[in-house]
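Undergrad: Let me give you the structure first, and then I'll get to my questions.
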4 protein chains.
Amino acid sequence: MTRTLRVGMIGYAFMGALHSQAWRTLYHVYDLGADVEMRAICGRNEEAVSAAAKKLGWASYETDWRRLIARDDIDIVDICTPGSSHEEIAVAALAAGKHVLCEKPLANTVAEAERMAAAAAAAPGTSMVGFSYRTVPAITYARDLVAQGRLGRIFHVRAVYLQDWIVDPEFPLVWRLRREEAGSGALGDIGAHIIDATQFITGSSITGVSGLTETFIADRPLVGEVHGLSATASSERGAVTVDDAALFHARFDNGSIGSFEATRFANGRRNGIEIEINGSLGSLRFDFQSMNELFVYDHTVDAKDAGWTRISVTQPDHPYMSAWWPPGHIIGYEHTFTHEFRDFVDAIVSGTPARPSFADGLQVQRVLDAVERSAASESRWTIVPE
Amino acid sequence: MTRTLRVGMIGYAFMGALHSQAWRTLYHVYDLGADVEMRAICGRNEEAVSAAAKKLGWASYETDWRRLIARDDIDIVDICTPGSSHEEIAVAALAAGKHVLCEKPLANTVAEAERMAAAAAAAPGTSMVGFSYRTVPAITYARDLVAQGRLGRIFHVRAVYLQDWIVDPEFPLVWRLRREEAGSGALGDIGAHIIDATQFITGSSITGVSGLTETFIADRPLVGEVHGLSATASSERGAVTVDDAALFHARFDNGSIGSFEATRFANGRRNGIEIEINGSLGSLRFDFQSMNELFVYDHTVDAKDAGWTRISVTQPDHPYMSAWWPPGHIIGYEHTFTHEFRDFVDAIVSGTPARPSFADGLQVQRVLDAVERSAASESRWTIVPE
Amino acid sequence: MTRTLRVGMIGYAFMGALHSQAWRTLYHVYDLGADVEMRAICGRNEEAVSAAAKKLGWASYETDWRRLIARDDIDIVDICTPGSSHEEIAVAALAAGKHVLCEKPLANTVAEAERMAAAAAAAPGTSMVGFSYRTVPAITYARDLVAQGRLGRIFHVRAVYLQDWIVDPEFPLVWRLRREEAGSGALGDIGAHIIDATQFITGSSITGVSGLTETFIADRPLVGEVHGLSATASSERGAVTVDDAALFHARFDNGSIGSFEATRFANGRRNGIEIEINGSLGSLRFDFQSMNELFVYDHTVDAKDAGWTRISVTQPDHPYMSAWWPPGHIIGYEHTFTHEFRDFVDAIVSGTPARPSFADGLQVQRVLDAVERSAASESRWTIVPE
Amino acid sequence: MTRTLRVGMIGYAFMGALHSQAWRTLYHVYDLGADVEMRAICGRNEEAVSAAAKKLGWASYETDWRRLIARDDIDIVDICTPGSSHEEIAVAALAAGKHVLCEKPLANTVAEAERMAAAAAAAPGTSMVGFSYRTVPAITYARDLVAQGRLGRIFHVRAVYLQDWIVDPEFPLVWRLRREEAGSGALGDIGAHIIDATQFITGSSITGVSGLTETFIADRPLVGEVHGLSATASSERGAVTVDDAALFHARFDNGSIGSFEATRFANGRRNGIEIEINGSLGSLRFDFQSMNELFVYDHTVDAKDAGWTRISVTQPDHPYMSAWWPPGHIIGYEHTFTHEFRDFVDAIVSGTPARPSFADGLQVQRVLDAVERSAASESRWTIVPE
């Protein structure tokens with residue numbers, strides 16, 4: 001008899017809608033070793049969460065995450081809340097014997113992340129942190145190419161994550177711009193993604209960093225009313241307490257050096273992730289704007305015929321792509337979550353550890369922390385603790 | 001009380017899986033004036049169709065399309081079968097008072113299409129033909145720009161639909177390569193899409209054509225066994241009875257001239273749709289490989305600053321995009337079907353005619369027929385009947 | 001002792017300035033078997049031609065081309081005048097024993113071109129027609145790849161030459177828009193280039209065509225005053241007597257089919273030459289906007305790793321590139337003329353026939369003529385005489 | 001009467017050939033207020049330099065640069081030798097009353113550069129350092145856009161200069177890899193260019209830096225025989241004493257932050273200069289691979305229509321482009337030297353200071369020095385002296 005995994009999700013804003021679409025789709029496109037049921041959604045406002053349950057396809061709802069965790073009919077807890085609440089929820093859910101999927105960043109501080117990783121190691125359930133860019137097929141395929149040795153010795157990692165949504169100085173002081181809720185600014189929100197993605201692709205860890213952070217706009221209007229993802233500005237102002245932009249250099253344990261930049265002030269870059277890796281035998285490049293493509297340079301080809309090859313990562317034998325459409329028909333952003341959830345369910349069903357693990361999330365947190373410490377001490381080189 | 005529209009879908013191969021994903025998603029991402037239920041799926045093989053029902057999310061199944069049409073609990077009939085069966089099913093479904101959504105091409109011949117258009121005009125139900133590229137947001141936005149006069153007088157239309165899946169001469173003689181089932185080859189299968197798309201974007205109709213068709217590989221191995229979308233070759237061979245490639249020139253009723261090419265022999269082009277429109281005030285370009293982008297050239301800008309602007313058609317106020325993710329996060333091929341179905345449901349709910357209509361499908365069929373007649377008479381100019 | 005080839009050039013407008021730059025450079029960058037001297041330039045206006053001689057680097061000048069041809073100290077006659085004068089000058093120069101380089105198109109009519117080809121065949125001198133795009137290194141390298149069989153059997157040729165300099169209906173009626181001087185419009189001026197280039201790359205000849213031509217703007221202001229390359233409009237108007245745009249389909253003697261378009265009404269396309277060739281083993285693409293690059297698709301690579309490779313045709317072992325800068329440093333438009341002149345001088349020095357020959361120019365003229373005849377008879381298929 | 005400027009050039013390797021081509025062309029394409037004569041070339045090997053004089057178009061030669069400087073018939077001294085000799089030659093030439101054009105980097109050390117800048121300030125002649133990328137028309141046009149305020153307040157500068165010519169560990173230890181001759185490695189050779197170019201574009205100076213340098217290959221075969229630009233490897237090895245790659249962060253005096261990378265180990269990047277500038281009103285991007293193009297993003301356009309516009313910087317009113325061909329016809333690498341020489345001659349003729357001046361070259365040298373000092377002290381933030 002097929003096992004059924006029953007999901008309870010906490011949070012129903014942008015990330016909740018996205019996760020719902022992925023959970024709805026998962027069962028229909030992959031052959032999993034289990035049925036997946038969307039059992040309950042959880043939020044504090046009963047009217048809103050009940051409407052969300054109907055609209056997003058969840059069978060029931062809760063208004064207190066503790067009650068959700070206490071339910072016997074929930075196997076998986078999917079945490080889509082801001083980072084400041086991750087530790088409390090995740091640790092409780094793990095203690096309750098649940099499988100836990102936690103959105104990134106794992107936590108707002110290293111200390112929180114350490115406790116979460118310890119809880120995950122001690123708990124029987126499967127746990128995973130949601131670095132969803134790993135499951136972009138082109139990123140996974142890049143990882144495969146490096147693992148196969150196709151790039152040889154790695155010399156350079158170059159990664160930027162560029163956004164432009166707060167260039168306007170009158171854009172209000174939303175929670176992502178306040179340290180107490182968000183932990184950090186561009187660094188933790190988007191810088192975390194390129195740290196994880198490049199370590200994943202290269203199979204290597206960052207050992208030390210030198211950082212520089214900057215807040216271009218010191219204060220902003222307080223938030224007036226919130227409407228879905230947007231918000232109006234009030235007439236009062238408050239201080240921006242996170243970084244607008246973060247730059248850092250890194251050394252990896254494979255001997256390569258890396259350049260990283262995360263910013264919300266790059267006009268013209270809506271969600272511009274670009275990664276380039278240069279090795280002794282070849283190089284690769286990824287641009288999220290064309291997320292179904294991977295550019296590969298093969299140095300073993302005669303220079304006369306060598307060049308960057310634009311691979312459409314839409315063949316059925318590319319990672320995760322067996323589920324989708326014929327070659328040349330692209331997938332979108334949301335599909336990476338379906339892929340991520342497949343990996344998570346696969347790990348539960350097979351009883352093997354899921355990756356990226358809470359330990360992986362902790363390690364990224366340590367890199368972020370080292371960048372902040374370096375930035376606070378004149379960019380001095382700072383070792384990332386193991 | 002909210003109305004419920006109950007869908008029955010006929011066919012469950014590639015197109016059926018794609019339609020199922022779009023039907024599953026539709027309700028959750030748009031505010032429709034109706035609930036949508038996936039009531040029944042229909043196919044001839046009971047074992048296969050019952051498995052498909054479960055996997056794809058349909059509540060029940062039928063093995064005879066006539067029984068599906070006869071059911072009282074079906075409001076919408078979604079036809080995903082090959083073109084040779086479209087007329088019979090669609091006419092019967094319309095006569096039974098159903099709303100009918102029919103995959104493209106509307107039919108294999110002009111005569112069939114004429115009878116279908118007549119049936120649609122006489123029936124109470126809403127009908128629509130599935131030219132899904134219209135609902136690529138960048139294509140709809142291109143249509144908007146032309147309608148707003150941003151391109152001025154149109155001079156040139158240039159469109160290609162390039163594929164490469166039968167370059168290998170040992171690829172077997174699947175049904176799409178046989179006239180009795182497919183009607184025509186590249187011309188009707190993919191040429192139909194760029195005819196519809198360019199007429200849609202320009203708001204103009206093709207009045208005459210000159211065509212050339214070619215079959216590069218005269219005979220191929222017969223199909224051995226079929227496995228999903230792929231098939232093995234047997235040791236016997238049969239004649240290819242459709243075109244491998246079709247080229248044609250056209251004149252539009254807005255005074256512009258067009259160049260069209262449809263082929264399955266363009267190595268390196270998995271699903272390469274490219275459209276360019278040149279007008280007196282500007283130009284636009286679309287490439288399906290980057291289907292979330294539209295390139296626009298504005299001739300009213302000083303030449304020193306003018307150039308092709310690459311627009312990421314992912315803003316919430318771009319067509320259909322309010323349903324999806326933040327700017328810069330792309331959607332995929334399947335979403336165009338969700339968009340198409342939204343238009344269809346909107347038309348049913350509002351009681352207005354749906355577009356593209358069966359009459360639109362008939363007009364495309366007449367263009368295809370004129371191309372074939374021209375190709376058969378030394379490319380001589382051939383008028384498209386109104 | 002090194003032989004010296006002494007050049008006399010007729011015409012000093014845009015093409016004359018361009019040729020002068022190429023002649024000035026030729027000797028310094030290639031090891032030729034001869035010295036090259038810029039001995040005389042010829043134009044009708046003495047004041048202007050004497051100034052041009054000084055500015056462009058010619059040792060002397062003439063005001064009558066007959067006198068130039070009569071000079072003993074001229075070995076090479078370089079004809080940069082409009083097409084209507086080519087026959088008379090070239091035939092006389094060949095009769096005088098000169099080597100003759102004639103700008104394209106070879107002539108304005110087939111009859112003229114036939115007489116020129118006959119004269120060239122009978123004369124002792126070397127003759128060549130200036131299809132300068134052949135000597136774009138990426139185009140020559142494309143030819144090499146096809147010749148090596150890297151593309152296999154050729155199925156498709158797709159070529160456009162798009163310009164936008166007369167979109168404005170008040171642009172004046174310059175000589176290029178009048179049949180008596182220009183022979184034809186976009187067809188002969190720029191269509192000739194893509195006919196030659198695609199035949200050159202594929203090593204194959206066009207055997208038949210179907211054409212469509214269009215003049216979008218029927219009449220224009222007469223030319224007022226001419227200032228260099230630009231001209232003012234007078235208040236009187238005259239009829240445009242050439243095509244603004246020409247579309248044609250072709251069959252090649254290698255079994256492939258081709259689609260061609262030449263227009264001066266493609267807004268946003270300053271000088272947009274794009275060529276794509278699809279074969280059974282691979283494909284290639286060229287875009288003049290990035291003239292130092294060639295895109296190649298290799299079908300023999302596994303689909304998972306296959307894609308279009310962007311080759312920077314700037315390696316020293318790429319055609320003609322030994323003369324220039326290190327890999328990755330591009331050359332410009334003018335260099336193709338230096339390359340062309342090197343080929344011409346090489347042919348003279350080695351005593352071998354130069355290509356493209358006057359016979360090649362005649363064959364292109366026959367294709368152009370067949371397109372015009374087809375366009376005049378309802379696009380009917382028209383054989384190109386051998 | 002028109003003044004004549006007589007040029008003497010020291011050095012005739014790659015840079016000498018390039019300069020010769022630019023000097024040969026200069027007079028013919030621009031209206032200068034002076035005639036320019038290529039009077040003498042200087043090199044130590046008489047046989048080689050006499051051949052070079054003939055081939056490259058110089059009227060005479062010298063084998064000792066002191067004799068060249070002593071000649072009365074030389075007005076301009078063009079220094080194309082390695083950096084270690086710049087100070088001695090330039091100071092002597094300035095003392096002799098010559099106008100001096102010195103290739104970049106101005107010197108190998110700050111101390112040398114300071115003495116050169118002082119000599120230039122004291123001398124009557126015009127002096128200039130050869131940062132040739134300033135005169136890429138797209139770069140100059142980028143500078144114009146920033147100066148006009150089109151980008152608003154500048155937030156980010158992002159620049160890389162990526163090459164791949166020494167990825168092979170057996171590539172020999174040429175002079176560019178030895179500190180005593182080259183001063184530094186990738187940092188000074190190519191990093192200097194992007195420092196100068198970004199300061200030029202933004203009209204702003206770097207005030208502090210944090211750097212990291214790396215030498216991936218510690219030792220290499222000694223050079224055996226040199227053949228033009230290439231060299232063979234001997235069986236002995238020596239230590240690489242310069243950086244293979246350099247990364248640094250910077251702060252500019254306009255409040256922006258910058259990320260820089262220079263490397264010779266980026267496989268697939270022959271000469272990959274990429275620059276991006278993000279401001280409050282817009283952004284711009286440049287890629288040397290397409291050096292005739294500039295990408296501009298205009299934030300003042302509604303987001304629905306905003307995007308990166310690809311400008312072909314080939315209009316006659318773009319910087320320096322009046323000399324060349326019609327719009328859409330590109331120029332190449334060498335033309336930037338013709339532009340640079342025009343600026344130099346213009347400054348001499350008009351008696352105004354030339355830019356980039358020796359003082360500009362000194363300032364770049366100070367930035368390079370600060371990067372090296374920071375890299376030597378754990379990346380600690382290092383102020384660039386004014």
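In the structure tokens, each chain is lettered A, B, ... as it comes, each chain's residues begin at 1, and ligands are numbered from 1 in order of appearance.
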What are the residues of chain B lining chain D at 10 Å or less? Count only C-alpha atoms, and put the answer as a PyMOL selection string.

TA: chain B and resi 141+293-297+303-318+327

Undergrad: Those selected residues, please, written with C-alpha atoms and delivered as a PDB file, in the first residue's frame.

TA:
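As a result, selection.pdb now contains:
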ATOM      1  CA  TYR B 141       1.742  42.554 -25.160  1.00  0.00           C
ATOM      2  CA  GLU B 293      10.916  38.699 -23.209  1.00  0.00           C
ATOM      3  CA  LEU B 294       9.887  41.108 -25.920  1.00  0.00           C
ATOM      4  CA  PHE B 295      12.334  43.242 -27.877  1.00  0.00           C
ATOM      5  CA  VAL B 296      11.036  46.622 -28.975  1.00  0.00           C
ATOM      6  CA  TYR B 297      12.678  49.270 -31.159  1.00  0.00           C
ATOM      7  CA  ALA B 303      19.108  57.471 -33.466  1.00  0.00           C
ATOM      8  CA  LYS B 304      21.974  58.130 -31.063  1.00  0.00           C
ATOM      9  CA  ASP B 305      20.008  56.556 -28.212  1.00  0.00           C
ATOM     10  CA  ALA B 306      17.736  54.216 -30.129  1.00  0.00           C
ATOM     11  CA  GLY B 307      18.174  50.478 -29.992  1.00  0.00           C
ATOM     12  CA  TRP B 308      16.343  47.272 -29.312  1.00  0.00           C
ATOM     13  CA  THR B 309      15.014  47.276 -25.759  1.00  0.00           C
ATOM     14  CA  ARG B 310      14.790  43.883 -24.072  1.00  0.00           C
ATOM     15  CA  ILE B 311      11.628  43.986 -21.979  1.00  0.00           C
ATOM     16  CA  SER B 312      11.167  41.324 -19.315  1.00  0.00           C
ATOM     17  CA  VAL B 313       7.423  40.721 -19.640  1.00  0.00           C
ATOM     18  CA  THR B 314       7.098  39.789 -15.982  1.00  0.00           C
ATOM     19  CA  GLN B 315       5.584  42.921 -14.456  1.00  0.00           C
ATOM     20  CA  PRO B 316       2.227  42.387 -12.739  1.00  0.00           C
ATOM     21  CA  ASP B 317       0.539  44.718 -15.228  1.00  0.00           C
ATOM     22  CA  HIS B 318       1.734  42.752 -18.226  1.00  0.00           C
ATOM     23  CA  PRO B 327       9.027  40.852 -11.627  1.00  0.00           C
TER      24      PRO B 327
END

Undergrad: Within 9 Å of Asp189 in chain A, counting only C-alpha atoms, which residues show up once you throw out same-chain ones fewer than 6 positions away? Write them as a JSON list (two decimals) with C-alpha atoms, in the first residue's frame, please.

TA:
[["chain", "number", "residue", "atom", "x", "y", "z"],
["A", 104, "LYS", "CA", 15.96, 30.01, 3.73],
["A", 105, "PRO", "CA", 17.78, 31.60, 5.39],
["A", 176, "ARG", "CA", 12.99, 43.18, 5.06],
["A", 182, "ALA", "CA", 15.19, 40.20, 8.70],
["A", 183, "GLY", "CA", 18.58, 39.61, 10.34],
["A", 262, "ALA", "CA", 24.34, 41.19, -3.48]]

Undergrad: Near range 41-55 of chain A, counting only C-alpha atoms, which residues have an atom at most 10 Å away, once you skip same-chain residues fewer than 4 positions from it, shown as number ranges by chain?

TA: A: 7-13, 16-17, 20, 59-68, 77-81; B: 27-31

Undergrad: Could you please write out, as a ChimeraX atom specification, every residue of range 115-346 of chain A that DSSP assigns to helix (DSSP H, G or I)?

TA: /A:115-122,132-135,137-147,175-177,179-182,186-202,288-290,321-323,335-346

Undergrad: Suppose you want the space between CA of Ala118 in chain A and CA of Leu94 in chain A; what is it in Å?

TA: 10.7 Å

Undergrad: For Ala192 in chain A, list every protein, DNA or RNA residue within 12 Å, evaluated using only C-alpha atoms, and leave out those in the same chain fewer than 4 positions away; present the list as a ChimeraX atom specification.

TA: /A:103-108,129-133,159-161,183-188,196-199,246,248,260-263,273,360-369,371

Undergrad: Export C-alpha atoms of the chosen residues as a PDB file, in the first residue's frame?

TA:
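Here's the written file again.pdb:
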ATOM      1  CA  GLU A 103      12.598  28.300   3.985  1.00  0.00           C
ATOM      2  CA  LYS A 104      15.963  30.012   3.733  1.00  0.00           C
ATOM      3  CA  PRO A 105      17.779  31.604   5.389  1.00  0.00           C
ATOM      4  CA  LEU A 106      17.756  28.887   8.012  1.00  0.00           C
ATOM      5  CA  ALA A 107      17.802  31.533  10.757  1.00  0.00           C
ATOM      6  CA  ASN A 108      18.717  35.145  11.428  1.00  0.00           C
ATOM      7  CA  VAL A 129      16.429  24.056   4.176  1.00  0.00           C
ATOM      8  CA  GLY A 130      14.928  25.625   1.046  1.00  0.00           C
ATOM      9  CA  PHE A 131      17.727  26.870  -1.138  1.00  0.00           C
ATOM     10  CA  SER A 132      15.511  26.567  -4.166  1.00  0.00           C
ATOM     11  CA  TYR A 133      18.046  27.696  -6.772  1.00  0.00           C
ATOM     12  CA  ALA A 159      28.503  35.505  -8.563  1.00  0.00           C
ATOM     13  CA  VAL A 160      26.136  38.417  -8.307  1.00  0.00           C
ATOM     14  CA  TYR A 161      22.555  38.644  -7.148  1.00  0.00           C
ATOM     15  CA  GLY A 183      18.576  39.610  10.345  1.00  0.00           C
ATOM     16  CA  SER A 184      20.371  41.344   7.502  1.00  0.00           C
ATOM     17  CA  GLY A 185      19.510  42.989   4.194  1.00  0.00           C
ATOM     18  CA  ALA A 186      20.638  42.039   0.729  1.00  0.00           C
ATOM     19  CA  LEU A 187      23.387  39.922   2.265  1.00  0.00           C
ATOM     20  CA  GLY A 188      21.183  37.379   4.004  1.00  0.00           C
ATOM     21  CA  ASP A 196      24.797  28.221  -1.342  1.00  0.00           C
ATOM     22  CA  ALA A 197      24.558  27.898  -5.117  1.00  0.00           C
ATOM     23  CA  THR A 198      28.273  28.339  -5.774  1.00  0.00           C
ATOM     24  CA  GLN A 199      29.290  25.993  -2.958  1.00  0.00           C
ATOM     25  CA  ALA A 246      27.076  43.662   0.254  1.00  0.00           C
ATOM     26  CA  PHE A 248      32.670  40.133  -0.512  1.00  0.00           C
ATOM     27  CA  PHE A 260      30.319  38.006  -4.671  1.00  0.00           C
ATOM     28  CA  GLU A 261      27.880  40.867  -4.779  1.00  0.00           C
ATOM     29  CA  ALA A 262      24.343  41.190  -3.485  1.00  0.00           C
ATOM     30  CA  THR A 263      22.395  44.395  -3.914  1.00  0.00           C
ATOM     31  CA  ILE A 273      21.533  36.122 -10.591  1.00  0.00           C
ATOM     32  CA  ASP A 360      24.258  23.196   5.206  1.00  0.00           C
ATOM     33  CA  GLY A 361      22.037  26.097   6.233  1.00  0.00           C
ATOM     34  CA  LEU A 362      24.168  26.672   9.319  1.00  0.00           C
ATOM     35  CA  GLN A 363      27.343  26.753   7.247  1.00  0.00           C
ATOM     36  CA  VAL A 364      25.862  29.442   4.967  1.00  0.00           C
ATOM     37  CA  GLN A 365      24.889  31.370   8.084  1.00  0.00           C
ATOM     38  CA  ARG A 366      28.486  31.225   9.250  1.00  0.00           C
ATOM     39  CA  VAL A 367      29.685  32.648   5.934  1.00  0.00           C
ATOM     40  CA  LEU A 368      27.149  35.477   6.182  1.00  0.00           C
ATOM     41  CA  ASP A 369      28.250  36.179   9.723  1.00  0.00           C
ATOM     42  CA  VAL A 371      31.119  38.742   5.956  1.00  0.00           C
TER      43      VAL A 371
END

Undergrad: Excluding Arg153 in chain B and any residue of its chain fewer than 4 positions from it, enumerate the residues within 12 Å of it, using only C-alpha atoms, and give them as a PyMOL selection string.

TA: (chain B and resi 146-149+157+202-204+253-257+277-283) or (chain C and resi 167-169+216-217+265-267)

Undergrad: Output the selection as a short mmCIF file (atom, residue, chain, number, x, y, z; two decimals), in the first residue's frame - C-alpha atoms for each residue.

TA:
data_model
loop_
_atom_site.label_atom_id
_atom_site.label_comp_id
_atom_site.auth_asym_id
_atom_site.auth_seq_id
_atom_site.Cartn_x
_atom_site.Cartn_y
_atom_site.Cartn_z
CA VAL B 146 0.54 47.36 -32.35
CA ALA B 147 -3.07 48.11 -31.42
CA GLN B 148 -1.92 51.27 -29.61
CA GLY B 149 -0.23 52.42 -32.81
CA VAL B 157 6.19 40.47 -40.90
CA THR B 202 -0.88 42.77 -36.27
CA GLY B 203 -4.67 42.66 -36.12
CA SER B 204 -4.56 41.97 -39.83
CA ASP B 253 -4.80 43.39 -45.59
CA ASN B 254 -2.89 46.18 -43.84
CA GLY B 255 -0.54 46.45 -46.82
CA SER B 256 2.39 44.66 -45.22
CA ILE B 257 4.27 41.70 -46.66
CA ILE B 277 7.40 43.04 -37.14
CA ASN B 278 8.72 46.26 -38.70
CA GLY B 279 6.59 49.39 -38.81
CA SER B 280 7.03 53.04 -39.63
CA LEU B 281 7.38 54.06 -35.97
CA GLY B 282 9.06 51.02 -34.52
CA SER B 283 9.64 47.31 -34.60
CA VAL C 167 11.62 54.44 -43.68
CA ASP C 168 10.90 58.16 -43.57
CA PRO C 169 8.62 58.92 -46.58
CA PHE C 216 5.99 50.96 -49.97
CA ILE C 217 6.48 54.66 -50.75
CA PHE C 265 12.20 49.29 -44.38
CA ALA C 266 13.15 47.23 -41.33
CA ASN C 267 13.18 49.81 -38.57
#

Undergrad: From a backbone DSSP assignment, name each residue in range 117-313 of chain D labelled strand (DSSP E or B), as a count of residues only.

TA: 81
